[in-house]
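A.B. asks: File run28.cif below, mmCIF, C-alpha atoms:
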data_work
#
loop_
_atom_site.group_PDB
_atom_site.id
_atom_site.type_symbol
_atom_site.label_atom_id
_atom_site.label_comp_id
_atom_site.auth_asym_id
_atom_site.auth_seq_id
_atom_site.Cartn_x
_atom_site.Cartn_y
_atom_site.Cartn_z
ATOM 1 C CA MET K 1 -149.327 10.436 31.193
ATOM 2 C CA THR K 2 -146.566 9.762 33.695
ATOM 3 C CA SER K 3 -145.147 13.194 34.396
ATOM 4 C CA TYR K 4 -144.160 13.455 38.040
ATOM 5 C CA ALA K 5 -145.096 17.018 38.784
ATOM 6 C CA LYS K 6 -145.931 16.919 42.401
ATOM 7 C CA SER K 7 -147.783 20.180 42.954
ATOM 8 C CA THR K 8 -148.884 19.610 45.859
ATOM 9 C CA ARG K 9 -148.057 18.189 49.021
ATOM 10 C CA SER K 10 -147.218 21.702 49.799
ATOM 11 C CA SER K 11 -149.326 24.506 48.463
ATOM 12 C CA THR K 12 -149.208 27.674 46.466
ATOM 13 C CA ARG K 13 -150.365 30.599 48.537
ATOM 14 C CA HIS K 14 -150.421 33.524 46.146
ATOM 15 C CA THR K 15 -152.521 34.294 43.118
ATOM 16 C CA GLY K 16 -149.537 34.883 40.872
ATOM 17 C CA ALA K 17 -148.030 31.499 41.629
ATOM 18 C CA ALA K 18 -151.404 29.862 41.179
ATOM 19 C CA ALA K 19 -151.671 31.446 37.738
ATOM 20 C CA VAL K 20 -148.320 29.926 36.825
ATOM 21 C CA ALA K 21 -149.557 26.535 37.978
ATOM 22 C CA LEU K 22 -152.744 26.900 35.969
ATOM 23 C CA ALA K 23 -150.838 27.877 32.842
ATOM 24 C CA ALA K 24 -148.591 24.860 33.246
ATOM 25 C CA THR K 25 -151.606 22.645 33.773
ATOM 26 C CA ALA K 26 -153.230 23.928 30.590
ATOM 27 C CA ALA K 27 -150.128 22.974 28.654
ATOM 28 C CA LEU K 28 -150.083 19.542 30.236
ATOM 29 C CA VAL K 29 -153.727 18.933 29.499
ATOM 30 C CA ALA K 30 -153.239 19.992 25.892
ATOM 31 C CA GLY K 31 -150.336 17.618 25.394
ATOM 32 C CA CYS K 32 -151.265 14.602 27.503
ATOM 33 C CA SER K 33 -154.051 12.138 28.034
ATOM 34 C CA SER K 34 -154.705 9.383 30.550
ATOM 35 C CA SER K 35 -155.708 5.870 29.696
ATOM 36 C CA SER K 36 -158.116 5.610 32.624
ATOM 37 C CA ASP K 37 -161.715 5.262 31.508
ATOM 38 C CA ASN K 38 -164.491 7.791 32.125
ATOM 39 C CA LYS K 39 -162.044 10.668 32.288
ATOM 40 C CA SER K 40 -163.321 14.206 31.847
ATOM 41 C CA ASP K 41 -161.975 15.934 28.749
ATOM 42 C CA ASN K 42 -161.577 19.170 30.676
ATOM 43 C CA PRO K 43 -160.381 18.669 34.264
ATOM 44 C CA LEU K 44 -160.607 22.405 34.977
ATOM 45 C CA SER K 45 -164.186 22.810 33.836
ATOM 46 C CA GLY K 46 -165.579 22.840 37.376
ATOM 47 C CA GLU K 47 -168.812 21.364 36.050
ATOM 48 C CA LYS K 48 -170.585 18.936 38.327
ATOM 49 C CA VAL K 49 -171.086 15.509 36.796
ATOM 50 C CA SER K 50 -174.728 14.613 36.254
ATOM 51 C CA GLY K 51 -176.338 11.690 38.044
ATOM 52 C CA ASN K 52 -174.956 10.024 41.139
ATOM 53 C CA SER K 53 -171.374 9.727 39.985
ATOM 54 C CA VAL K 54 -168.539 10.145 42.464
ATOM 55 C CA VAL K 55 -165.934 12.402 40.868
ATOM 56 C CA VAL K 56 -162.359 11.404 41.674
ATOM 57 C CA GLY K 57 -159.835 14.123 40.919
ATOM 58 C CA SER K 58 -156.052 14.223 40.900
ATOM 59 C CA ASN K 59 -153.307 16.791 40.834
ATOM 60 C CA ASN K 60 -150.906 17.080 37.933
ATOM 61 C CA PHE K 61 -148.285 14.495 38.854
ATOM 62 C CA ALA K 62 -148.034 10.765 38.319
ATOM 63 C CA GLU K 63 -148.440 9.585 41.897
ATOM 64 C CA SER K 64 -151.623 11.587 42.421
ATOM 65 C CA ILE K 65 -153.066 10.168 39.209
ATOM 66 C CA LEU K 66 -152.138 6.642 40.321
ATOM 67 C CA ILE K 67 -153.697 7.021 43.774
ATOM 68 C CA ALA K 68 -156.816 8.568 42.243
ATOM 69 C CA ASP K 69 -157.112 5.499 40.018
ATOM 70 C CA ILE K 70 -156.754 3.282 43.098
ATOM 71 C CA TYR K 71 -159.499 5.227 44.874
ATOM 72 C CA GLY K 72 -161.772 5.216 41.853
ATOM 73 C CA GLU K 73 -161.401 1.519 41.127
ATOM 74 C CA ALA K 74 -161.902 0.653 44.803
ATOM 75 C CA LEU K 75 -165.171 2.591 44.715
ATOM 76 C CA LYS K 76 -166.224 0.898 41.478
ATOM 77 C CA ALA K 77 -165.610 -2.481 43.129
ATOM 78 C CA LYS K 78 -168.352 -1.556 45.608
ATOM 79 C CA GLY K 79 -170.784 -0.744 42.809
ATOM 80 C CA ILE K 80 -170.301 3.033 42.965
ATOM 81 C CA LYS K 81 -170.390 4.979 39.707
ATOM 82 C CA VAL K 82 -167.126 6.886 39.203
ATOM 83 C CA THR K 83 -166.001 9.663 36.895
ATOM 84 C CA TYR K 84 -162.388 10.857 36.818
ATOM 85 C CA LYS K 85 -160.997 14.381 36.558
ATOM 86 C CA PRO K 86 -157.259 13.710 36.316
ATOM 87 C CA ASN K 87 -154.237 15.957 36.088
ATOM 88 C CA ILE K 88 -155.952 19.109 37.335
ATOM 89 C CA GLY K 89 -153.166 21.208 38.807
ATOM 90 C CA SER K 90 -152.225 22.726 42.141
ATOM 91 C CA ARG K 91 -154.078 22.708 45.453
ATOM 92 C CA GLU K 92 -155.384 26.238 44.883
ATOM 93 C CA THR K 93 -157.498 24.798 42.077
ATOM 94 C CA THR K 94 -158.439 21.402 43.489
ATOM 95 C CA TYR K 95 -159.437 22.727 46.915
ATOM 96 C CA GLY K 96 -161.884 25.131 45.312
ATOM 97 C CA LEU K 97 -163.343 22.385 43.108
ATOM 98 C CA LEU K 98 -163.828 20.203 46.183
ATOM 99 C CA LYS K 99 -165.575 22.984 48.083
ATOM 100 C CA ASN K 100 -168.092 23.541 45.305
ATOM 101 C CA GLY K 101 -168.703 19.823 44.812
ATOM 102 C CA SER K 102 -167.154 19.552 41.354
ATOM 103 C CA ILE K 103 -164.787 16.948 42.812
ATOM 104 C CA THR K 104 -165.917 14.392 45.378
ATOM 105 C CA VAL K 105 -162.642 12.685 46.258
ATOM 106 C CA LEU K 106 -159.017 13.803 45.975
ATOM 107 C CA PRO K 107 -155.796 12.116 47.127
ATOM 108 C CA GLU K 108 -154.146 14.459 49.611
ATOM 109 C CA TYR K 109 -150.986 14.583 51.727
ATOM 110 C CA ASN K 110 -151.846 15.565 55.261
ATOM 111 C CA GLY K 111 -148.820 17.708 56.084
ATOM 112 C CA ALA K 112 -148.984 19.735 52.903
ATOM 113 C CA LEU K 113 -152.712 20.241 53.206
ATOM 114 C CA LEU K 114 -152.204 21.528 56.730
ATOM 115 C CA ALA K 115 -149.450 23.870 55.528
ATOM 116 C CA TYR K 116 -151.939 25.238 52.990
ATOM 117 C CA LEU K 117 -154.623 25.751 55.638
ATOM 118 C CA ASP K 118 -152.398 26.902 58.518
ATOM 119 C CA LYS K 119 -148.780 27.713 57.722
ATOM 120 C CA ASN K 120 -147.908 28.079 61.414
ATOM 121 C CA ALA K 121 -149.093 24.644 62.544
ATOM 122 C CA THR K 122 -146.397 22.260 63.799
ATOM 123 C CA PRO K 123 -148.121 19.020 64.863
ATOM 124 C CA LYS K 124 -145.994 16.253 66.347
ATOM 125 C CA THR K 125 -148.073 13.224 65.339
ATOM 126 C CA VAL K 126 -150.206 12.021 62.446
ATOM 127 C CA ALA K 127 -153.328 12.214 64.618
ATOM 128 C CA ALA K 128 -152.493 15.773 65.616
ATOM 129 C CA THR K 129 -151.977 16.638 61.966
ATOM 130 C CA THR K 130 -155.439 15.338 61.088
ATOM 131 C CA ALA K 131 -156.991 17.178 64.030
ATOM 132 C CA ALA K 132 -155.287 20.430 63.018
ATOM 133 C CA ILE K 133 -156.544 20.045 59.446
ATOM 134 C CA ASN K 134 -160.101 19.369 60.601
ATOM 135 C CA ALA K 135 -160.001 22.552 62.682
ATOM 136 C CA LYS K 136 -159.312 24.595 59.541
ATOM 137 C CA LEU K 137 -161.042 22.552 56.852
ATOM 138 C CA ASP K 138 -164.078 23.891 55.025
ATOM 139 C CA SER K 139 -167.230 22.544 56.693
ATOM 140 C CA LYS K 140 -168.333 20.815 53.487
ATOM 141 C CA LEU K 141 -165.173 18.701 53.432
ATOM 142 C CA THR K 142 -163.779 15.896 55.555
ATOM 143 C CA LEU K 143 -160.658 13.775 55.762
ATOM 144 C CA LEU K 144 -160.887 10.004 55.804
ATOM 145 C CA GLN K 145 -158.310 7.719 57.435
ATOM 146 C CA PRO K 146 -154.632 8.401 56.625
ATOM 147 C CA ALA K 147 -152.551 5.675 55.022
ATOM 148 C CA PRO K 148 -149.217 4.643 56.544
ATOM 149 C CA ALA K 149 -147.741 5.575 53.137
ATOM 150 C CA GLN K 150 -145.831 8.849 53.121
ATOM 151 C CA ASP K 151 -144.314 10.719 50.195
ATOM 152 C CA LYS K 152 -142.486 13.790 51.390
ATOM 153 C CA ASP K 153 -140.755 16.810 49.948
ATOM 154 C CA SER K 154 -137.019 16.746 50.476
ATOM 155 C CA VAL K 155 -133.793 18.540 49.825
ATOM 156 C CA THR K 156 -131.947 16.199 47.490
ATOM 157 C CA LEU K 157 -128.470 16.567 45.993
ATOM 158 C CA ASN K 158 -127.090 15.093 42.803
ATOM 159 C CA ALA K 159 -124.312 12.535 43.161
ATOM 160 C CA ASP K 160 -121.490 14.902 42.187
ATOM 161 C CA THR K 161 -122.523 17.579 44.673
ATOM 162 C CA ALA K 162 -122.919 15.069 47.480
ATOM 163 C CA LYS K 163 -119.469 13.656 46.734
ATOM 164 C CA LYS K 164 -117.888 17.120 46.513
ATOM 165 C CA TYR K 165 -119.083 18.063 49.994
ATOM 166 C CA ASN K 166 -118.814 14.562 51.537
ATOM 167 C CA LEU K 167 -122.550 14.291 52.157
ATOM 168 C CA THR K 168 -124.474 11.026 52.359
ATOM 169 C CA GLU K 169 -128.036 9.881 52.985
ATOM 170 C CA LYS K 170 -127.191 10.167 56.702
ATOM 171 C CA SER K 171 -126.327 13.852 56.325
ATOM 172 C CA SER K 172 -128.776 16.554 57.360
ATOM 173 C CA ILE K 173 -130.243 19.572 55.628
ATOM 174 C CA ALA K 174 -128.457 21.517 58.369
ATOM 175 C CA ASP K 175 -125.143 20.406 56.873
ATOM 176 C CA LEU K 176 -125.820 22.758 53.955
ATOM 177 C CA LYS K 177 -125.696 25.901 56.090
ATOM 178 C CA ASP K 178 -122.166 26.876 55.086
ATOM 179 C CA ILE K 179 -122.378 25.729 51.459
ATOM 180 C CA ALA K 180 -125.930 26.667 50.405
ATOM 181 C CA LYS K 181 -124.588 30.011 49.169
ATOM 182 C CA ASP K 182 -122.729 28.075 46.456
ATOM 183 C CA LEU K 183 -125.695 25.955 45.380
ATOM 184 C CA VAL K 184 -128.608 26.537 43.015
ATOM 185 C CA ILE K 185 -131.797 24.864 44.184
ATOM 186 C CA GLY K 186 -134.615 23.890 41.820
ATOM 187 C CA ALA K 187 -138.273 23.180 42.482
ATOM 188 C CA SER K 188 -141.789 24.221 41.515
ATOM 189 C CA PRO K 189 -142.427 27.992 41.348
ATOM 190 C CA GLU K 190 -144.521 27.897 44.518
ATOM 191 C CA PHE K 191 -141.665 26.270 46.496
ATOM 192 C CA GLN K 192 -140.068 29.727 46.557
ATOM 193 C CA THR K 193 -142.807 31.134 48.809
ATOM 194 C CA ARG K 194 -143.794 28.101 50.887
ATOM 195 C CA GLN K 195 -142.997 27.443 54.515
ATOM 196 C CA GLN K 196 -142.309 23.905 53.298
ATOM 197 C CA GLY K 197 -139.865 25.415 50.824
ATOM 198 C CA LEU K 198 -137.341 28.264 50.753
ATOM 199 C CA VAL K 199 -139.121 30.222 53.482
ATOM 200 C CA GLY K 200 -138.856 27.348 55.932
ATOM 201 C CA LEU K 201 -135.371 26.331 54.823
ATOM 202 C CA LYS K 202 -134.188 29.819 55.772
ATOM 203 C CA ALA K 203 -136.216 30.137 58.978
ATOM 204 C CA VAL K 204 -135.652 26.614 60.285
ATOM 205 C CA TYR K 205 -132.205 25.730 58.944
ATOM 206 C CA GLY K 206 -130.688 29.131 58.168
ATOM 207 C CA LEU K 207 -130.142 28.274 54.503
ATOM 208 C CA GLU K 208 -129.749 30.933 51.823
ATOM 209 C CA PHE K 209 -129.051 29.455 48.416
ATOM 210 C CA LYS K 210 -127.069 31.072 45.618
ATOM 211 C CA SER K 211 -130.253 31.202 43.543
ATOM 212 C CA PHE K 212 -133.566 29.493 42.902
ATOM 213 C CA LYS K 213 -134.556 27.951 39.579
ATOM 214 C CA ALA K 214 -138.278 27.535 38.919
ATOM 215 C CA LEU K 215 -138.886 24.149 37.310
ATOM 216 C CA ASP K 216 -141.713 21.729 38.042
ATOM 217 C CA ALA K 217 -142.890 20.050 41.229
ATOM 218 C CA GLY K 218 -140.448 17.172 41.478
ATOM 219 C CA GLY K 219 -141.130 16.246 37.866
ATOM 220 C CA PRO K 220 -139.001 15.583 34.797
ATOM 221 C CA LEU K 221 -137.712 19.162 34.528
ATOM 222 C CA THR K 222 -136.439 19.104 38.102
ATOM 223 C CA GLN K 223 -135.011 15.615 37.763
ATOM 224 C CA ALA K 224 -133.208 16.515 34.520
ATOM 225 C CA ALA K 225 -131.801 19.751 35.950
ATOM 226 C CA LEU K 226 -130.458 17.914 38.980
ATOM 227 C CA LYS K 227 -128.955 15.163 36.832
ATOM 228 C CA LYS K 228 -127.285 17.701 34.512
ATOM 229 C CA ASN K 229 -126.083 19.814 37.453
ATOM 230 C CA THR K 230 -128.065 22.847 36.267
ATOM 231 C CA VAL K 231 -129.186 22.786 39.880
ATOM 232 C CA GLN K 232 -127.204 21.105 42.620
ATOM 233 C CA ALA K 233 -130.106 20.683 45.038
ATOM 234 C CA ALA K 234 -133.779 20.107 44.383
ATOM 235 C CA ASP K 235 -137.113 19.235 45.886
ATOM 236 C CA ILE K 236 -137.439 15.576 44.906
ATOM 237 C CA PHE K 237 -140.145 13.467 46.505
ATOM 238 C CA THR K 238 -139.127 10.562 48.661
ATOM 239 C CA THR K 239 -140.953 7.819 46.739
ATOM 240 C CA ASP K 240 -139.481 8.990 43.420
ATOM 241 C CA PRO K 241 -137.748 6.068 41.632
ATOM 242 C CA THR K 242 -135.174 8.424 40.083
ATOM 243 C CA ILE K 243 -133.466 8.794 43.477
ATOM 244 C CA THR K 244 -132.135 5.257 43.257
ATOM 245 C CA LYS K 245 -131.663 5.300 39.499
ATOM 246 C CA GLU K 246 -129.559 8.487 39.442
ATOM 247 C CA LYS K 247 -127.889 7.970 42.840
ATOM 248 C CA PHE K 248 -129.324 11.198 44.192
ATOM 249 C CA VAL K 249 -128.760 11.816 47.907
ATOM 250 C CA VAL K 250 -131.769 12.727 50.035
ATOM 251 C CA LEU K 251 -130.781 14.708 53.124
ATOM 252 C CA GLN K 252 -132.311 14.025 56.518
ATOM 253 C CA ASP K 253 -134.796 16.531 57.933
ATOM 254 C CA PRO K 254 -134.178 16.357 61.708
ATOM 255 C CA LYS K 255 -136.224 19.479 62.442
ATOM 256 C CA ASN K 256 -139.173 18.005 60.541
ATOM 257 C CA LEU K 257 -139.659 21.004 58.274
ATOM 258 C CA PHE K 258 -141.447 18.844 55.737
ATOM 259 C CA GLY K 259 -143.650 17.371 58.448
ATOM 260 C CA PHE K 260 -145.894 14.365 57.960
ATOM 261 C CA GLU K 261 -146.989 13.532 54.449
ATOM 262 C CA ASN K 262 -149.355 10.608 54.788
ATOM 263 C CA VAL K 263 -151.598 9.873 51.833
ATOM 264 C CA GLN K 264 -155.133 10.704 52.935
ATOM 265 C CA PRO K 265 -158.439 10.995 51.034
ATOM 266 C CA LEU K 266 -160.065 14.446 51.107
ATOM 267 C CA VAL K 267 -163.788 14.199 50.491
ATOM 268 C CA TYR K 268 -166.782 16.395 49.724
ATOM 269 C CA LYS K 269 -169.028 15.066 52.511
ATOM 270 C CA SER K 270 -172.399 14.985 50.833
ATOM 271 C CA GLY K 271 -171.052 13.345 47.684
ATOM 272 C CA LEU K 272 -169.850 10.047 49.166
ATOM 273 C CA SER K 273 -171.889 7.322 50.838
ATOM 274 C CA GLN K 274 -170.772 5.370 53.890
ATOM 275 C CA LYS K 275 -170.054 2.462 51.564
ATOM 276 C CA GLY K 276 -167.650 4.700 49.688
ATOM 277 C CA VAL K 277 -166.055 5.946 52.908
ATOM 278 C CA ASP K 278 -165.474 2.370 54.038
ATOM 279 C CA ALA K 279 -163.951 1.440 50.671
ATOM 280 C CA LEU K 280 -161.430 4.294 50.784
ATOM 281 C CA ASN K 281 -160.560 3.645 54.434
ATOM 282 C CA ALA K 282 -159.860 0.028 53.487
ATOM 283 C CA VAL K 283 -157.432 1.270 50.808
ATOM 284 C CA SER K 284 -155.664 3.507 53.329
ATOM 285 C CA ALA K 285 -155.281 0.617 55.770
ATOM 286 C CA LYS K 286 -153.247 -1.366 53.233
ATOM 287 C CA LEU K 287 -151.240 1.349 51.463
ATOM 288 C CA ASP K 288 -147.793 1.704 53.043
ATOM 289 C CA THR K 289 -144.701 3.546 51.814
ATOM 290 C CA ALA K 290 -142.961 0.464 50.423
ATOM 291 C CA THR K 291 -146.069 -0.414 48.436
ATOM 292 C CA LEU K 292 -146.421 3.127 47.122
ATOM 293 C CA LEU K 293 -142.773 3.203 46.006
ATOM 294 C CA ASP K 294 -143.271 -0.110 44.192
ATOM 295 C CA LEU K 295 -146.430 1.132 42.456
ATOM 296 C CA ASP K 296 -144.724 4.418 41.523
ATOM 297 C CA THR K 297 -141.805 2.493 40.068
ATOM 298 C CA GLN K 298 -144.127 0.423 37.899
ATOM 299 C CA VAL K 299 -145.741 3.565 36.508
ATOM 300 C CA GLN K 300 -142.761 5.879 36.240
ATOM 301 C CA SER K 301 -139.843 3.553 35.507
ATOM 302 C CA GLN K 302 -141.546 0.604 33.845
ATOM 303 C CA ASN K 303 -144.056 2.762 31.938
ATOM 304 C CA LYS K 304 -147.068 0.746 32.985
ATOM 305 C CA ASP K 305 -150.506 2.321 32.744
ATOM 306 C CA PRO K 306 -151.521 3.693 36.171
ATOM 307 C CA LEU K 307 -155.030 2.297 35.834
ATOM 308 C CA ASP K 308 -153.661 -1.194 35.191
ATOM 309 C CA VAL K 309 -151.278 -0.857 38.133
ATOM 310 C CA ALA K 310 -154.127 0.325 40.358
ATOM 311 C CA LYS K 311 -156.370 -2.584 39.391
ATOM 312 C CA ALA K 312 -153.609 -5.155 39.884
ATOM 313 C CA TRP K 313 -152.741 -3.837 43.343
ATOM 314 C CA LEU K 314 -156.372 -3.726 44.470
ATOM 315 C CA LYS K 315 -156.745 -7.349 43.393
ATOM 316 C CA SER K 316 -153.575 -8.406 45.228
ATOM 317 C CA ALA K 317 -154.759 -6.553 48.342
ATOM 318 C CA GLY K 318 -158.198 -8.178 48.225
ATOM 319 C CA LEU K 319 -159.919 -4.865 47.584
ATOM 320 C CA ASP K 320 -161.278 -5.470 44.085
#
Mind turning the file's structure into structure tokens?

C.D. replies:
Amino acid sequence: MTSYAKSTRSSTRHTGAAAVALAATAALVAGCSSSSDNKSDNPLSGEKVSGNSVVVGSNNFAESILIADIYGEALKAKGIKVTYKPNIGSRETTYGLLKNGSITVLPEYNGALLAYLDKNATPKTVAATTAAINAKLDSKLTLLQPAPAQDKDSVTLNADTAKKYNLTEKSSIADLKDIAKDLVIGASPEFQTRQQGLVGLKAVYGLEFKSFKALDAGGPLTQAALKKNTVQAADIFTTDPTITKEKFVVLQDPKNLFGFENVQPLVYKSGLSQKGVDALNAVSAKLDTATLLDLDTQVQSQNKDPLDVAKAWLKSAGLD
């Protein structure tokens, strides 16, 4: 399963949008499977795994599944029993499963998690982002060390649109102010109501688009729509290999609407030993953006199994 449906660096805030995400997840689960071993047949079951198994979950997009495999295999290398719950869905679902202990570990993105917990927070550093999250986080949960690796939401144009308006990778989201009214933007349904989405694009940059097309979270539907010019702008994630392949143009975000998006493990405190904490912090210390882009490319462009990619990287990093 290599669908790149990034739910989730930003978060759905309303029940209706969450229901859409759950319905989409059900369809994905019905039609897809992961090759990683010890995977739960029903990622939405919410059932706690028996025994002393650490449950590693992931959201329903390829990068989250890959990072979850990295986390799980790093824990296994330390002799910790691991069970996977892959491809679950949006943060509304995974956060609840973490709080009740059904999931022990989940790959998170610090800026989007903070936007979910406190939509008005505007931290200026990674450390301040973590501190702001901890101030709002459920008491049963904790964040481990953030990785240098970031994968951020963006406003990305297809090649024809960028050429038409003389925009390049050095251009800013602000440069769309006078032309947004002529553009259709595509993204996940929840992007329409997020601060890190249309709400923020209007408030921070003054953008009002011609219309919004609900697709998936940076996944194949969004990528295809942008390529075919069904939408002229889209939320494509910055480690997505299709940016280079399709010559998409990612606009700069000088006002930092999309914030910091460091990969960071979110953990159910009582479910993970100090040995497990140390193992995941060691992963974070070595996972940078260039590495993450390379690993994503192997999975999404070269069609390698994410579990195999995870194991190979852990070995090369001395973490196996």

A.B. asks: Ranking K:Val299, K:Ala312, K:Ala115, K:Ala224 by minimum distance to K:Thr193 and counting all atoms listed in the file, which one comes first?

C.D. replies: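 Looking only at the distances to K:Thr193, the closest residue turns out to be K:Ala115.
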
A.B. asks: K:Ser270, K:Ser90, K:Ser172, K:Asn110: which is nearest K:Ala128, counting all atoms listed in the file?

C.D. replies: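 Among the listed residues, K:Asn110 lies closest to K:Ala128.
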
A.B. asks: Could you give me, as JSON, numbers by chain, the residues within 12 Å of K:Pro241, counting all atoms listed in the file and dropping anything in the same chain fewer than 5 positions from it?

C.D. replies: {"K": [4, 62, 63, 151, 218, 219, 220, 223, 236, 246, 247, 248, 290, 292, 293, 294, 295, 296, 297, 298, 299, 300, 301, 302]}

A.B. asks: I'd like the interatomic distance between atom CA of K:Ala225 and atom CA of K:Gly186, to a tenth of an Å.

C.D. replies: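 For atom CA of K:Ala225 relative to atom CA of K:Gly186, the distance reads 7.7 Å.
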
A.B. asks: Figure out the distance between atom CA of K:Val263 and atom CA of K:Leu106, please, to one decimal in Å.

C.D. replies: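 Going from atom CA of K:Leu106 over to atom CA of K:Val263 covers 10.2 Å.
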
A.B. asks: What separation in Å, quoted to one decimal, exists between atom CA of K:Leu257 and atom CA of K:Lys140?

C.D. replies: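 According to the coordinates, atom CA of K:Leu257 and atom CA of K:Lys140 are separated by 29.1 Å.
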
A.B. asks: Using only C-alpha atoms, give me every residue within 9 Å of (-149.9, 12.8, 51.3) in file coordinates, as an MDAnalysis selection string.

C.D. replies: chainID K and resid 8:9 107:113 146:147 149:152 260:265

A.B. asks: With distances taken over only C-alpha atoms, which residue among K:Asn52, K:Gly89, K:Gly96, K:Lys311 lies nearest K:Leu272?

C.D. replies: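 Smallest separation from K:Leu272 among the options: K:Asn52.
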
A.B. asks: When distances are computed from only C-alpha atoms, which of K:Ala77, K:Val283, K:Leu201, K:Ala217 shows the smallest separation from K:Phe61?

C.D. replies: K:Ala217

A.B. asks: In terms of the shortest atom-to-atom distance over all atoms listed in the file, which of K:Leu280, K:Val199, K:Leu141, K:Val82 is closest to K:Val267?

C.D. replies: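 Using all atoms listed in the file, K:Val267 sits closest to K:Leu141.
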
A.B. asks: Within 10 Å of (-154.2, -1.3, 57.1) in the file's own coordinates, which protein, DNA or RNA residues have an atom, counting only C-alpha atoms? List them as a PyMOL selection string.

C.D. replies: chain K and resi 145-148+281-288

A.B. asks: Just write the chosen residues, C-alpha atoms, as a short mmCIF file (atom, residue, chain, number, x, y, z; two decimals), keeping the file's coordinate frame.

C.D. replies:
data_model
loop_
_atom_site.label_atom_id
_atom_site.label_comp_id
_atom_site.auth_asym_id
_atom_site.auth_seq_id
_atom_site.Cartn_x
_atom_site.Cartn_y
_atom_site.Cartn_z
CA GLN K 145 -158.31 7.72 57.44
CA PRO K 146 -154.63 8.40 56.62
CA ALA K 147 -152.55 5.68 55.02
CA PRO K 148 -149.22 4.64 56.54
CA ASN K 281 -160.56 3.64 54.43
CA ALA K 282 -159.86 0.03 53.49
CA VAL K 283 -157.43 1.27 50.81
CA SER K 284 -155.66 3.51 53.33
CA ALA K 285 -155.28 0.62 55.77
CA LYS K 286 -153.25 -1.37 53.23
CA LEU K 287 -151.24 1.35 51.46
CA ASP K 288 -147.79 1.70 53.04
#

A.B. asks: At a cut-off of 10 Å, can you tabulate as CSV every residue of stretch 210-235 of chain K near stretch 161-171 of chain K together with its closest atom pair and the distance in Å to one decimal, using only C-alpha atoms and ordering rows by chain then number?

C.D. replies:
residue,atom,partner,partner_atom,distance
K:Leu226,CA,K:Thr161,CA,9.8
K:Asn229,CA,K:Thr161,CA,8.4
K:Val231,CA,K:Thr161,CA,9.7
K:Gln232,CA,K:Thr161,CA,6.2
K:Ala233,CA,K:Thr161,CA,8.2

A.B. asks: Near K:Lys213, within 10 Å and counting all atoms listed in the file, which residues show up once chain neighbours fewer than 5 positions away are dropped, as a list in words?

C.D. replies: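 Counting only the stated atoms, we get Val184, Ile185, Gly186, Ala187, Ser188, Pro189, Gln192, Thr222, Ala225, Thr230, Val231 and Ala234 of chain K.
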
A.B. asks: Kindly resolve the PyMOL selection byres ((chain K and resi 175) around 10) on the present coordinates and return the residues as JSON, numbers by chain.

C.D. replies: {"K": [165, 167, 171, 172, 173, 174, 176, 177, 178, 179, 180, 205, 207, 251, 252]}

A.B. asks: Apply the PyMOL selection byres ((chain K and resi 65) around 10) to the displayed file and report the matching residues as a ChimeraX atom specification.

C.D. replies: /K:1-4,34,36,56-64,66-71,84-88,106-107,306-307,310

A.B. asks: Would you export the selected residues with C-alpha atoms as a PDB file, in the frame of the given file, please?

C.D. replies:
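Wrote part-v3.pdb, looks like this:
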ATOM      1  CA  MET K   1    -149.327  10.436  31.193  1.00  0.00           C
ATOM      2  CA  THR K   2    -146.566   9.762  33.695  1.00  0.00           C
ATOM      3  CA  SER K   3    -145.147  13.194  34.396  1.00  0.00           C
ATOM      4  CA  TYR K   4    -144.160  13.455  38.040  1.00  0.00           C
ATOM      5  CA  SER K  34    -154.705   9.383  30.550  1.00  0.00           C
ATOM      6  CA  SER K  36    -158.116   5.610  32.624  1.00  0.00           C
ATOM      7  CA  VAL K  56    -162.359  11.404  41.674  1.00  0.00           C
ATOM      8  CA  GLY K  57    -159.835  14.123  40.919  1.00  0.00           C
ATOM      9  CA  SER K  58    -156.052  14.223  40.900  1.00  0.00           C
ATOM     10  CA  ASN K  59    -153.307  16.791  40.834  1.00  0.00           C
ATOM     11  CA  ASN K  60    -150.906  17.080  37.933  1.00  0.00           C
ATOM     12  CA  PHE K  61    -148.285  14.495  38.854  1.00  0.00           C
ATOM     13  CA  ALA K  62    -148.034  10.765  38.319  1.00  0.00           C
ATOM     14  CA  GLU K  63    -148.440   9.585  41.897  1.00  0.00           C
ATOM     15  CA  SER K  64    -151.623  11.587  42.421  1.00  0.00           C
ATOM     16  CA  LEU K  66    -152.138   6.642  40.321  1.00  0.00           C
ATOM     17  CA  ILE K  67    -153.697   7.021  43.774  1.00  0.00           C
ATOM     18  CA  ALA K  68    -156.816   8.568  42.243  1.00  0.00           C
ATOM     19  CA  ASP K  69    -157.112   5.499  40.018  1.00  0.00           C
ATOM     20  CA  ILE K  70    -156.754   3.282  43.098  1.00  0.00           C
ATOM     21  CA  TYR K  71    -159.499   5.227  44.874  1.00  0.00           C
ATOM     22  CA  TYR K  84    -162.388  10.857  36.818  1.00  0.00           C
ATOM     23  CA  LYS K  85    -160.997  14.381  36.558  1.00  0.00           C
ATOM     24  CA  PRO K  86    -157.259  13.710  36.316  1.00  0.00           C
ATOM     25  CA  ASN K  87    -154.237  15.957  36.088  1.00  0.00           C
ATOM     26  CA  ILE K  88    -155.952  19.109  37.335  1.00  0.00           C
ATOM     27  CA  LEU K 106    -159.017  13.803  45.975  1.00  0.00           C
ATOM     28  CA  PRO K 107    -155.796  12.116  47.127  1.00  0.00           C
ATOM     29  CA  PRO K 306    -151.521   3.693  36.171  1.00  0.00           C
ATOM     30  CA  LEU K 307    -155.030   2.297  35.834  1.00  0.00           C
ATOM     31  CA  ALA K 310    -154.127   0.325  40.358  1.00  0.00           C
TER      32      ALA K 310
END

A.B. asks: Would you kindly translate the PyMOL selection byres ((chain K and resi 100) around 12) into the concrete residues it picks from this file, as a PyMOL selection string?

C.D. replies: chain K and resi 46-48+93-99+101-104+138-141+267-271
